[in-house]
>>> print(open('my_file20.txt').read())   # compact mmCIF, C-alpha atoms
# COMPACT_ATOMS: atom_id res chain seq x y z
CA MET I 1 1.82 -59.37 -3.93
CA LYS I 2 5.08 -57.66 -3.01
CA GLU I 3 4.86 -55.46 -6.10
CA ASP I 4 1.35 -54.35 -5.11
CA VAL I 5 2.50 -53.48 -1.62
CA SER I 6 5.44 -51.46 -2.95
CA VAL I 7 3.23 -49.55 -5.37
CA GLU I 8 0.75 -48.76 -2.61
CA SER I 9 3.56 -47.63 -0.31
CA VAL I 10 4.98 -45.33 -3.00
CA GLY I 11 1.55 -43.87 -3.64
CA SER I 12 0.93 -43.31 0.05
CA GLU I 13 4.33 -41.66 0.48
CA SER I 14 3.67 -39.26 -2.41
CA ASP I 15 0.27 -38.40 -0.93
CA ILE I 16 1.87 -37.74 2.44
CA GLN I 17 4.50 -35.50 0.87
CA ALA I 18 1.84 -33.58 -1.04
CA LEU I 19 -0.15 -33.19 2.17
CA ILE I 20 2.94 -31.95 4.00
CA LYS I 21 3.58 -29.38 1.27
CA LYS I 22 -0.01 -28.19 1.49
CA LEU I 23 0.27 -27.86 5.26
CA GLU I 24 3.50 -25.89 4.91
CA PHE I 25 1.86 -23.62 2.36
CA LEU I 26 -1.12 -23.05 4.65
CA GLU I 27 1.22 -22.28 7.54
CA ARG I 28 3.04 -19.69 5.45
CA GLU I 29 -0.26 -18.17 4.35
CA LEU I 30 -1.43 -18.02 7.96
CA ALA I 31 1.83 -16.41 9.07
CA ASP I 32 1.62 -13.84 6.29
CA HIS I 33 -1.98 -13.10 7.25
CA LYS I 34 -0.99 -12.60 10.88
CA ASP I 35 1.86 -10.30 9.87
CA GLN I 36 -0.50 -8.29 7.70
CA LYS I 37 -2.97 -7.97 10.57
CA LYS I 38 -0.20 -6.80 12.88
CA THR I 39 0.90 -4.21 10.33
CA GLU I 40 -2.65 -2.95 9.92
CA ARG I 41 -3.06 -2.67 13.70
CA ARG I 42 0.18 -0.73 13.99
CA GLN I 43 -0.90 1.65 11.26
CA TYR I 44 -4.29 2.10 12.91
CA PHE I 45 -2.78 2.84 16.32
CA LEU I 46 -0.26 5.21 14.73
CA PHE I 47 -3.07 7.07 12.98
CA VAL I 48 -5.07 7.32 16.21
CA TRP I 49 -2.06 8.63 18.12
CA LEU I 50 -1.33 11.20 15.42
CA MET I 51 -4.92 12.40 15.58
CA ILE I 52 -4.76 12.65 19.37
CA VAL I 53 -1.49 14.58 19.25
CA THR I 54 -2.86 16.90 16.56
CA VAL I 55 -6.00 17.65 18.56
CA PHE I 56 -3.93 18.19 21.71
CA LEU I 57 -1.61 20.63 19.94
CA PHE I 58 -4.58 22.48 18.47
CA VAL I 59 -6.18 22.79 21.92
CA VAL I 60 -2.93 24.07 23.42
CA VAL I 61 -2.45 26.63 20.66
CA ALA I 62 -6.08 27.75 20.94
CA TRP I 63 -5.73 28.10 24.72
CA ALA I 64 -2.52 30.12 24.35
CA ASN I 65 -4.02 32.33 21.63
CA PRO I 66 -7.81 32.70 22.06
CA THR I 67 -8.16 34.87 18.94
CA ILE I 68 -6.77 32.19 16.62
CA GLY I 69 -10.27 31.08 15.69
CA ASP I 70 -11.44 34.51 14.58
CA LEU I 71 -12.07 34.63 10.84
CA GLU I 72 -11.25 37.71 8.83
CA PRO I 73 -13.90 39.23 6.56
CA ASP I 74 -11.98 38.13 3.47
CA THR I 75 -11.94 34.55 4.70
CA ILE I 76 -15.66 34.60 5.41
CA SER I 77 -16.33 36.07 1.98
CA THR I 78 -14.16 33.40 0.33
CA LEU I 79 -15.93 30.60 2.20
CA ASN I 80 -19.29 32.07 1.23
CA LYS I 81 -18.28 32.19 -2.44
CA ALA I 82 -16.90 28.66 -2.30
CA THR I 83 -20.16 27.36 -0.82
CA ASN I 84 -22.18 29.12 -3.51
CA VAL I 85 -19.90 27.76 -6.24
CA VAL I 86 -20.27 24.19 -4.96
CA ILE I 87 -24.05 24.53 -4.94
CA VAL I 88 -24.10 26.06 -8.43
CA LEU I 89 -21.74 23.46 -9.89
CA PHE I 90 -24.03 20.70 -8.72
CA VAL I 91 -26.35 21.69 -11.58
CA PRO I 92 -23.88 20.97 -14.43
CA PHE I 93 -22.83 17.81 -12.63
CA VAL I 94 -26.40 16.53 -12.80
CA PHE I 95 -26.73 17.49 -16.47
CA GLY I 96 -23.39 15.88 -17.30
CA VAL I 97 -24.41 12.69 -15.52
CA LEU I 98 -27.68 12.63 -17.44
CA GLY I 99 -25.86 13.08 -20.75
CA ALA I 100 -23.33 10.36 -19.95
CA ALA I 101 -26.05 7.98 -18.75
CA ALA I 102 -27.98 8.57 -21.97
CA ARG I 103 -24.89 7.78 -24.05
CA VAL I 104 -24.18 4.63 -22.06
CA LEU I 105 -27.77 3.45 -22.44
CA ILE I 106 -27.65 4.11 -26.19
CA ALA I 107 -24.52 1.96 -26.40
CA GLY I 108 -26.40 -0.87 -24.70
CA ILE I 109 -24.07 -0.98 -21.70
CA SER I 110 -25.26 -1.52 -18.16
CA THR I 111 -25.16 1.73 -16.21
CA GLY I 112 -24.16 -0.14 -13.06
CA GLN I 113 -20.94 -1.35 -14.68
CA GLN I 114 -20.07 2.13 -15.98
CA LEU I 115 -21.00 4.12 -12.87
CA GLY I 116 -17.48 5.52 -12.56
CA LEU I 117 -17.55 6.65 -16.19
CA ILE I 118 -20.88 8.42 -15.69
CA VAL I 119 -19.71 10.22 -12.55
CA SER I 120 -16.41 11.27 -14.14
CA SER I 121 -18.31 12.61 -17.16
CA GLY I 122 -20.37 14.70 -14.74
CA PHE I 123 -17.16 16.17 -13.35
CA MET I 124 -16.00 16.97 -16.88
CA ALA I 125 -19.25 18.90 -17.36
CA VAL I 126 -18.50 20.78 -14.13
CA PHE I 127 -15.05 21.71 -15.45
CA SER I 128 -16.61 22.97 -18.68
CA TRP I 129 -18.93 25.24 -16.69
CA ILE I 130 -15.97 26.56 -14.71
CA GLY I 131 -14.16 27.32 -17.96
CA ILE I 132 -17.15 29.19 -19.34
CA LYS I 133 -18.01 31.08 -16.14
CA SER I 134 -14.40 32.09 -15.53
CA GLY I 135 -14.17 33.58 -19.01
CA VAL I 136 -11.10 31.56 -19.96
CA LEU I 137 -12.93 29.62 -22.66
CA ILE I 138 -14.53 32.81 -23.98
CA ALA I 139 -11.10 34.44 -24.15
CA VAL I 140 -9.81 31.53 -26.21
CA ILE I 141 -12.64 31.63 -28.74
CA ALA I 142 -13.05 35.44 -28.69
CA PRO I 143 -11.13 35.98 -31.97
CA HIS I 144 -13.48 33.59 -33.77
CA LEU I 145 -16.53 35.30 -32.28
CA GLU I 146 -15.35 38.74 -33.31
CA LYS I 147 -15.28 37.64 -36.94
CA GLN I 148 -19.00 36.97 -36.67
CA ALA I 149 -19.69 40.27 -34.85
CA ILE I 150 -20.55 38.47 -31.60
CA THR I 151 -19.10 39.70 -28.32
CA SER I 152 -18.49 37.63 -25.21
CA ASP I 153 -20.80 39.89 -23.19
CA GLN I 154 -23.67 39.03 -25.50
CA ILE I 155 -23.10 35.34 -24.90
CA LEU I 156 -22.81 35.58 -21.13
CA GLN I 157 -25.80 37.92 -20.81
CA ALA I 158 -28.08 36.18 -23.28
CA PRO I 159 -31.61 35.37 -22.04
CA GLY I 160 -31.14 31.67 -22.75
CA ASN I 161 -27.77 31.54 -21.02
CA PHE I 162 -28.83 28.89 -18.50
CA TYR I 163 -30.25 26.59 -21.15
CA THR I 164 -27.15 27.07 -23.27
CA LEU I 165 -24.90 26.11 -20.38
CA ALA I 166 -27.15 23.17 -19.53
CA LEU I 167 -26.90 21.96 -23.12
CA VAL I 168 -23.12 22.38 -22.99
CA ALA I 169 -22.97 20.28 -19.81
CA ILE I 170 -25.07 17.53 -21.43
CA PHE I 171 -22.91 17.52 -24.57
CA VAL I 172 -19.70 17.43 -22.53
CA GLY I 173 -21.01 14.49 -20.49
CA MET I 174 -22.02 12.62 -23.63
CA PHE I 175 -18.73 13.39 -25.38
CA SER I 176 -16.63 12.25 -22.40
CA SER I 177 -18.46 8.94 -22.11
CA ASN I 178 -18.51 8.52 -25.89
CA LEU I 179 -14.74 8.98 -26.09
CA TYR I 180 -14.14 6.30 -23.46
CA ILE I 181 -16.62 3.89 -25.04
CA PHE I 182 -15.05 4.39 -28.48
CA ILE I 183 -11.51 3.75 -27.22
CA ASN I 184 -12.63 0.76 -25.15
CA GLN I 185 -14.40 -0.81 -28.12
CA LYS I 186 -11.33 -0.32 -30.32
CA VAL I 187 -9.12 -1.97 -27.72
CA GLU I 188 -11.50 -4.92 -27.41
CA GLN I 189 -11.62 -5.33 -31.21
CA LEU I 190 -7.83 -5.29 -31.46
CA THR I 191 -7.57 -7.81 -28.63
CA VAL I 192 -10.07 -10.16 -30.27
CA ARG I 193 -8.32 -9.81 -33.63
CA ARG I 194 -4.92 -10.54 -32.11
CA ASN I 195 -6.25 -13.57 -30.26
CA SER I 196 -7.91 -14.90 -33.42
CA GLU I 197 -4.71 -14.39 -35.42
CA GLY I 198 -2.71 -16.15 -32.73
CA ALA I 199 -5.13 -19.07 -32.70
CA GLY I 200 -5.00 -19.30 -36.50
CA GLY I 201 -1.20 -19.24 -36.51
CA SER I 202 -0.98 -21.98 -33.90
CA ARG I 203 -3.14 -24.21 -36.06
>>> encode(input="my_file20.txt", output="structure tokens")
Amino acid sequence: MKEDVSVESVGSESDIQALIKKLEFLERELADHKDQKKTERRQYFLFVWLMIVTVFLFVVVAWANPTIGDLEPDTISTLNKATNVVIVLFVPFVFGVLGAAARVLIAGISTGQQLGLIVSSGFMAVFSWIGIKSGVLIAVIAPHLEKQAITSDQILQAPGNFYTLALVAIFVGMFSSNLYIFINQKVEQLTVRRNSEGAGGSR
């Protein structure tokens, strides 16, 4: 009977110690959470105060110099061009997204899981359009075109220029997503092979 009582007392003491450790851990977690909340509040208030000070300084400067808000013709022209460029570049973005989505669907991957890949491929298509429209890409491949008696003006002023650029955007979107999918599949295959080799060696 005494042995049973001693065993039960030892078991109860170990349970109490484990419970005490859990309580101490929870207290530390709660303290860390409170500290994190305090830090977030301080950062939020600091951001709000910085915004208030910035707006106040801007109002003071604008009151002291009423003509500070006047835009020069060059600035207005630049803003107008930037707005037009953003609207125009939305077209290759859509085509690039369509190309990337098509490649992802062909690979049998859920488009929801690869939404970031599809959007980034659309941006790559936008960059390709910028390279073509700016003439930088044409300048790079101009020597190769001259060998075939094709000038850059003929390419840029061709009747099917829009469809050519749309096709380029689609191909760039598909290529960008295809490159990521190819590398990701290779990494997964190497990981599976290494895990299988490790399991075989352990046996």
>>> closest_residue(input="my_file20.txt", among="I:Ile130, I:Leu167, I:Ala62, I:Ala139", to="I:Val88", atoms="only C-alpha atoms")
I:Ile130
>>> atom_distance(input="my_file20.txt", atom1="atom CA of I:Ser110", atom2="atom CA of I:Val94")
18.9 Å
>>> closest_residue(input="my_file20.txt", among="I:Arg103, I:Lys22, I:Lys133, I:Arg42", to="I:Leu89", atoms="only C-alpha atoms")
I:Lys133
>>> residues_around(input="my_file20.txt", residues="I:Ala166", least_positions_apart="6", cutoff="10 Å", atoms="all atoms listed in the file", output="list in words")
Val91, Pro92, Phe93, Val94, Phe95, Gly96, Ala125, Trp129, Gly160 and Val172 of chain I
>>> closest_residue(input="my_file20.txt", among="I:Thr191, I:Ser196, I:Ser177, I:Ser77", to="I:Ala100", atoms="all atoms listed in the file")
I:Ser177
>>> atom_distance(input="my_file20.txt", atom1="atom CA of I:Ile118", atom2="atom CA of I:Phe175")
11.1 Å
>>> atom_distance(input="my_file20.txt", atom1="atom CA of I:Val55", atom2="atom CA of I:Thr67")
17.4 Å
